[in-house]
>>> print(open('coords.tsv').read())   # TSV, C-alpha atoms
chain	number	residue	atom	x	y	z
U	276	ALA	CA	10.79	11.91	152.13
U	277	GLN	CA	8.55	9.32	150.59
U	278	SER	CA	9.50	5.73	151.20
U	279	VAL	CA	8.10	2.26	150.81
U	280	THR	CA	8.90	-0.64	153.10
U	281	GLN	CA	8.27	-4.27	152.39
U	282	PRO	CA	9.22	-5.87	155.70
U	283	ASP	CA	9.45	-9.42	154.40
U	284	ILE	CA	12.35	-10.10	152.07
U	285	HIS	CA	11.37	-13.69	151.49
U	286	ILE	CA	8.20	-15.69	152.21
U	287	THR	CA	7.48	-19.35	151.67
U	288	VAL	CA	3.94	-20.69	151.64
U	289	SER	CA	2.38	-23.99	150.75
U	290	GLU	CA	0.25	-24.31	147.66
U	291	GLY	CA	-3.37	-23.70	148.56
U	292	ALA	CA	-2.51	-21.63	151.61
U	293	SER	CA	-3.49	-18.01	151.99
U	294	LEU	CA	-0.99	-15.24	151.40
U	295	GLU	CA	-0.47	-11.75	152.73
U	296	LEU	CA	2.43	-9.56	151.64
U	297	ARG	CA	3.00	-6.44	153.63
U	298	CYS	CA	3.65	-2.94	152.36
U	299	ASN	CA	4.02	0.20	154.44
U	300	TYR	CA	4.63	3.64	153.09
U	301	SER	CA	5.71	7.00	154.37
U	302	TYR	CA	4.00	9.92	152.70
U	303	GLY	CA	2.36	13.14	153.80
U	304	ALA	CA	-1.00	12.42	152.21
U	305	THR	CA	-2.68	9.46	150.60
U	306	PRO	CA	-0.50	8.40	147.69
U	307	TYR	CA	-1.37	6.32	144.70
U	308	LEU	CA	-0.53	2.72	145.54
U	309	PHE	CA	0.51	-0.17	143.34
U	310	TRP	CA	1.50	-3.81	143.46
U	311	TYR	CA	3.59	-5.35	140.71
U	312	VAL	CA	4.74	-8.92	140.16
U	313	GLN	CA	7.94	-10.05	138.48
U	314	SER	CA	8.33	-13.61	137.33
U	315	PRO	CA	11.89	-14.89	136.88
U	316	GLY	CA	13.58	-13.38	133.86
U	317	GLN	CA	10.63	-11.15	133.10
U	318	GLY	CA	9.63	-7.54	133.45
U	319	LEU	CA	7.20	-6.32	136.06
U	320	GLN	CA	3.46	-6.66	135.58
U	321	LEU	CA	0.86	-4.49	137.29
U	322	LEU	CA	-1.33	-6.53	139.64
U	323	LEU	CA	-3.53	-3.78	141.01
U	324	LYS	CA	-3.63	-0.13	141.92
U	325	TYR	CA	-5.39	2.17	144.34
U	326	PHE	CA	-6.13	5.80	143.60
U	327	SER	CA	-9.15	6.59	145.76
U	328	GLY	CA	-12.54	5.24	146.84
U	329	ASP	CA	-13.11	1.69	148.00
U	330	THR	CA	-10.15	0.66	150.10
U	331	LEU	CA	-10.33	-2.97	149.00
U	332	VAL	CA	-8.97	-3.29	145.50
U	333	GLN	CA	-9.30	-6.30	143.25
U	334	GLY	CA	-6.56	-7.14	140.82
U	335	ILE	CA	-5.57	-9.74	138.31
U	336	LYS	CA	-4.72	-13.37	139.06
U	337	GLY	CA	-7.04	-13.45	142.09
U	338	PHE	CA	-5.09	-10.89	144.12
U	339	GLU	CA	-6.56	-8.14	146.23
U	340	ALA	CA	-5.11	-5.41	148.40
U	341	GLU	CA	-6.47	-3.31	151.19
U	342	PHE	CA	-5.52	0.29	151.84
U	343	LYS	CA	-5.48	1.18	155.53
U	344	ARG	CA	-4.86	4.86	156.02
U	345	SER	CA	-4.42	4.59	159.78
U	346	GLN	CA	-1.63	2.06	159.33
U	347	SER	CA	-0.13	3.55	156.15
U	348	SER	CA	-0.35	0.10	154.68
U	349	PHE	CA	-1.36	-1.51	151.43
U	350	ASN	CA	-1.09	-5.24	151.98
U	351	LEU	CA	-1.52	-7.72	149.17
U	352	ARG	CA	-3.58	-10.85	149.73
U	353	LYS	CA	-4.61	-14.01	147.97
U	354	PRO	CA	-6.87	-16.63	149.55
U	355	SER	CA	-5.28	-19.66	147.89
U	356	VAL	CA	-1.81	-19.58	146.39
U	357	HIS	CA	-0.90	-21.48	143.25
U	358	TRP	CA	2.57	-22.70	142.39
U	359	SER	CA	2.63	-20.22	139.48
U	360	ASP	CA	2.43	-17.36	141.98
U	361	ALA	CA	6.07	-17.88	142.91
U	362	ALA	CA	7.68	-14.59	141.93
U	363	GLU	CA	8.99	-11.30	143.24
U	364	TYR	CA	6.37	-8.81	144.38
U	365	PHE	CA	6.91	-5.07	144.50
U	366	CYS	CA	4.90	-2.39	146.19
U	367	ALA	CA	5.15	1.17	144.85
U	368	VAL	CA	3.69	4.58	145.61
U	369	GLY	CA	3.10	7.61	143.43
U	370	ASP	CA	2.43	11.24	144.19
U	371	PRO	CA	-1.09	12.36	143.18
U	372	ASN	CA	0.16	15.94	142.98
U	373	ALA	CA	3.18	15.17	140.87
U	374	GLY	CA	1.94	16.74	137.66
U	375	ASN	CA	4.41	15.74	134.98
U	376	ASN	CA	6.55	13.90	137.48
U	377	ARG	CA	5.19	10.37	137.28
U	378	LYS	CA	8.00	8.68	139.14
U	379	LEU	CA	7.10	5.86	141.47
U	380	ILE	CA	8.82	5.07	144.75
U	381	TRP	CA	9.51	1.36	145.00
U	382	GLY	CA	9.87	-1.10	147.81
U	383	LEU	CA	12.73	-3.58	147.63
U	384	GLY	CA	10.43	-6.46	146.92
U	385	THR	CA	9.29	-9.68	148.57
U	386	SER	CA	10.32	-12.98	147.06
U	387	LEU	CA	7.57	-15.56	147.25
U	388	ALA	CA	8.30	-19.28	147.11
U	389	VAL	CA	5.49	-21.82	146.92
U	390	ASN	CA	5.90	-25.35	148.26
U	391	PRO	CA	3.94	-28.09	146.47
O	132	ASP	CA	2.84	-6.57	117.87
O	133	ALA	CA	1.62	-4.00	120.33
O	134	GLY	CA	3.70	-3.60	123.42
O	135	ILE	CA	7.02	-2.45	124.72
O	136	THR	CA	10.14	-4.12	123.46
O	137	GLN	CA	13.70	-3.90	124.62
O	138	SER	CA	16.77	-4.89	122.70
O	139	PRO	CA	19.05	-6.62	123.04
O	140	ARG	CA	17.91	-9.08	125.72
O	141	TYR	CA	21.49	-9.86	126.66
O	142	LYS	CA	24.65	-7.88	126.11
O	143	ILE	CA	28.26	-8.35	127.12
O	144	THR	CA	30.55	-5.39	126.63
O	145	GLU	CA	33.98	-4.30	127.70
O	146	THR	CA	34.87	-1.58	130.13
O	147	GLY	CA	35.12	1.77	128.40
O	148	ARG	CA	32.94	0.92	125.44
O	149	GLN	CA	29.82	2.81	124.53
O	150	VAL	CA	26.66	0.74	124.47
O	151	THR	CA	23.08	1.65	123.66
O	152	LEU	CA	20.04	-0.15	124.96
O	153	MET	CA	16.91	0.25	122.90
O	154	CYS	CA	13.32	0.65	124.02
O	155	HIS	CA	10.35	0.87	121.70
O	156	GLN	CA	6.65	1.13	122.60
O	157	THR	CA	3.68	0.99	120.26
O	158	TRP	CA	1.00	2.66	122.38
O	159	SER	CA	2.17	6.26	121.98
O	160	HIS	CA	2.42	6.49	125.75
O	161	SER	CA	3.62	9.87	126.89
O	162	TYR	CA	5.82	8.73	129.75
O	163	MET	CA	8.82	6.46	129.46
O	164	PHE	CA	11.29	5.34	132.09
O	165	TRP	CA	14.58	3.56	132.44
O	166	TYR	CA	15.31	1.55	135.56
O	167	ARG	CA	18.14	-0.64	136.65
O	168	GLN	CA	17.55	-3.58	138.94
O	169	ASP	CA	20.25	-4.87	141.23
O	170	LEU	CA	20.16	-7.27	144.16
O	171	GLY	CA	19.73	-5.39	147.38
O	172	HIS	CA	18.82	-2.14	145.65
O	173	GLY	CA	15.53	-2.97	144.02
O	174	LEU	CA	14.52	-0.76	141.14
O	175	ARG	CA	16.36	2.51	140.70
O	176	LEU	CA	15.26	5.13	138.24
O	177	ILE	CA	17.92	6.28	135.81
O	178	TYR	CA	16.05	8.68	133.55
O	179	TYR	CA	12.50	9.38	132.57
O	180	SER	CA	10.69	11.30	129.88
O	181	ALA	CA	7.28	12.97	130.00
O	182	ALA	CA	7.08	13.42	126.22
O	183	ALA	CA	9.23	13.60	123.12
O	184	ASP	CA	12.17	15.94	123.64
O	185	ILE	CA	11.50	16.13	127.40
O	186	THR	CA	13.78	14.10	129.62
O	187	ASP	CA	14.81	14.32	133.24
O	188	LYS	CA	17.20	12.63	135.61
O	189	GLY	CA	16.21	9.99	138.07
O	190	GLU	CA	18.13	8.91	141.13
O	191	VAL	CA	21.13	7.28	139.40
O	192	PRO	CA	21.76	9.14	136.10
O	193	ASP	CA	25.56	9.38	136.19
O	194	GLY	CA	27.22	7.63	133.28
O	195	TYR	CA	24.03	7.39	131.26
O	196	VAL	CA	22.56	9.47	128.45
O	197	VAL	CA	19.06	9.35	127.01
O	198	SER	CA	17.24	10.92	124.11
O	199	ARG	CA	13.68	10.91	122.94
O	200	SER	CA	13.28	12.35	119.48
O	201	LYS	CA	10.21	10.21	118.82
O	202	THR	CA	7.44	9.33	121.23
O	203	GLU	CA	7.86	5.60	120.70
O	204	ASN	CA	11.60	5.31	121.26
O	205	PHE	CA	13.66	5.94	124.35
O	206	PRO	CA	17.24	4.68	123.97
O	207	LEU	CA	19.63	4.54	126.89
O	208	THR	CA	23.35	4.99	126.22
O	209	LEU	CA	26.18	4.13	128.51
O	210	GLU	CA	28.87	6.51	127.35
O	211	SER	CA	31.82	4.58	128.76
O	212	ALA	CA	30.69	1.38	130.39
O	213	THR	CA	31.98	0.46	133.83
O	214	ARG	CA	31.66	-2.78	135.76
O	215	SER	CA	29.34	-1.09	138.23
O	216	GLN	CA	26.88	-0.72	135.38
O	217	THR	CA	26.48	-4.47	135.14
O	218	SER	CA	22.78	-4.84	135.81
O	219	VAL	CA	19.39	-5.67	134.43
O	220	TYR	CA	17.84	-2.67	132.72
O	221	PHE	CA	14.11	-2.20	132.37
O	222	CYS	CA	12.25	0.23	130.23
O	223	ALA	CA	8.67	1.16	131.11
O	224	SER	CA	5.97	3.37	129.69
O	225	SER	CA	2.82	4.99	131.01
O	226	GLU	CA	0.02	6.88	129.34
O	227	ARG	CA	-0.52	10.53	130.19
O	228	GLY	CA	-3.76	9.98	132.08
O	229	GLY	CA	-2.61	6.90	133.93
O	230	TYR	CA	-0.06	5.90	136.48
O	231	GLY	CA	0.32	2.22	135.84
O	232	TYR	CA	3.56	1.34	134.17
O	233	THR	CA	4.01	-1.30	131.47
O	234	PHE	CA	7.45	-2.84	131.54
O	235	GLY	CA	9.61	-4.37	128.88
O	236	SER	CA	11.25	-7.74	129.42
O	237	GLY	CA	14.59	-6.21	130.31
O	238	THR	CA	18.16	-6.19	129.05
O	239	ARG	CA	20.78	-8.04	131.04
O	240	LEU	CA	24.02	-6.12	130.60
O	241	THR	CA	27.36	-7.46	131.69
O	242	VAL	CA	30.41	-5.21	131.62
O	243	VAL	CA	33.70	-7.11	131.73
>>> encode(input="coords.tsv", output="structure tokens")
Amino acid sequence: AQSVTQPDIHITVSEGASLELRCNYSYGATPYLFWYVQSPGQGLQLLLKYFSGDTLVQGIKGFEAEFKRSQSSFNLRKPSVHWSDAAEYFCAVGDPNAGNNRKLIWGLGTSLAVNP
Amino acid sequence: DAGITQSPRYKITETGRQVTLMCHQTWSHSYMFWYRQDLGHGLRLIYYSAAADITDKGEVPDGYVVSRSKTENFPLTLESATRSQTSVYFCASSERGGYGYTFGSGTRLTVV
């Protein structure tokens, strides 16, 4: 069965420090991969997505993610974190062969705190 | 305004009452989804719809009913609310050719 694991429930970084949030998936082939961010009291916003091609994907707000097939990972990175990046981050996978079934499989999220 | 809107933002209801959460999107996206978000469980799919008049169950559909008579609306009804349905509910939509979801701001439902 497809699954998504975000090993870190909570991460704290200092403002200006680099960030890497981990995401591992279990899937028979290469899935579609997504990172979403949820600010407190808000809905989720798409940061970036990977369908195929270049394994380094650029997203909004200065985020990037790298797909590593050999590790079944899609880790999210940012070189310098800002206090406004404090939020919950969700990794999700989709099935490219799903047809009309566009359901995503979600990780449980990583809560990011940023120290001033 | 273009976007996806959920109403109400907050709702308190009593056990056993019927309550409907509304979701409206202005993009004519084909796909719409209802999720609930609970601590420790992440996002769980309740129901989804691939188009008007086409709906299907997600992983936690019991106690919920949906309809989609128009592309832009996807209401979620709790037929007889229970305390276990206290949660934050998110609606999302996605265009036919895409996979990225756009989420509403959520409805925080408390069942007392």
>>> interface_residues(input="coords.tsv", of="chain U", to="chain O", cutoff="9 Å", atoms="only C-alpha atoms", output="list in words")
Tyr307, Phe309, Gly316, Gln317, Gly318, Leu319, Gln320, Leu321, Leu323, Lys324, Phe365, Gly369, Asn375, Asn376, Arg377, Lys378, Leu379, Ile380, Trp381, Gly382, Leu383 and Gly384 of chain U
>>> residues_around(input="coords.tsv", residues="range 335-340 of chain U", least_positions_apart="2", cutoff="8 Å", atoms="all atoms listed in the file", output="PyMOL selection string")
chain U and resi 322-323+331-333+342+349-353
>>> residues_around(input="coords.tsv", residues="Val389 in chain U", least_positions_apart="5", cutoff="9 Å", atoms="only C-alpha atoms", output="ChimeraX atom specification")
/U:286-290,356-361
>>> atom_distance(input="coords.tsv", atom1="CA of Ile143 in chain O", atom2="CA of Glu203 in chain O")
25.5 Å
>>> atom_distance(input="coords.tsv", atom1="CA of Ala276 in chain U", atom2="CA of Tyr302 in chain U")
7.1 Å
>>> atom_distance(input="coords.tsv", atom1="CA of Ser314 in chain U", atom2="CA of Cys366 in chain U")
14.7 Å
>>> residues_around(input="coords.tsv", residues="Pro206 in chain O", least_positions_apart="5", cutoff="10 Å", atoms="all atoms listed in the file", output="list in words")
Gln137, Ser138, Thr151, Leu152, Met153, Cys154, His155, Trp165, Val196, Val197, Ser198, Arg199, Ser200 and Cys222 of chain O
>>> axis_aligned_box(input="coords.tsv", around="range 206-217 of chain O", padding_each_side="8 Å", output="AutoDock Vina command-line options")
--center_x 24.6 --center_y 1.0 --center_z 131.1 --size_x 30.7 --size_y 27.0 --size_z 30.3
>>> residues_around(input="coords.tsv", residues="Ser348 in chain U", least_positions_apart="3", cutoff="10 Å", atoms="all atoms listed in the file", output="list of chain:residue names")
U:Val279, U:Thr280, U:Gln281, U:Arg297, U:Cys298, U:Asn299, U:Tyr300, U:Ser301, U:Leu308, U:Ala340, U:Glu341, U:Phe342, U:Lys343, U:Arg344, U:Ser345, U:Leu351
>>> residues_around(input="coords.tsv", residues="Ser211 in chain O", least_positions_apart="6", cutoff="12 Å", atoms="all atoms listed in the file", output="MDAnalysis selection string")
chainID O and resid 144:151 193:196 242
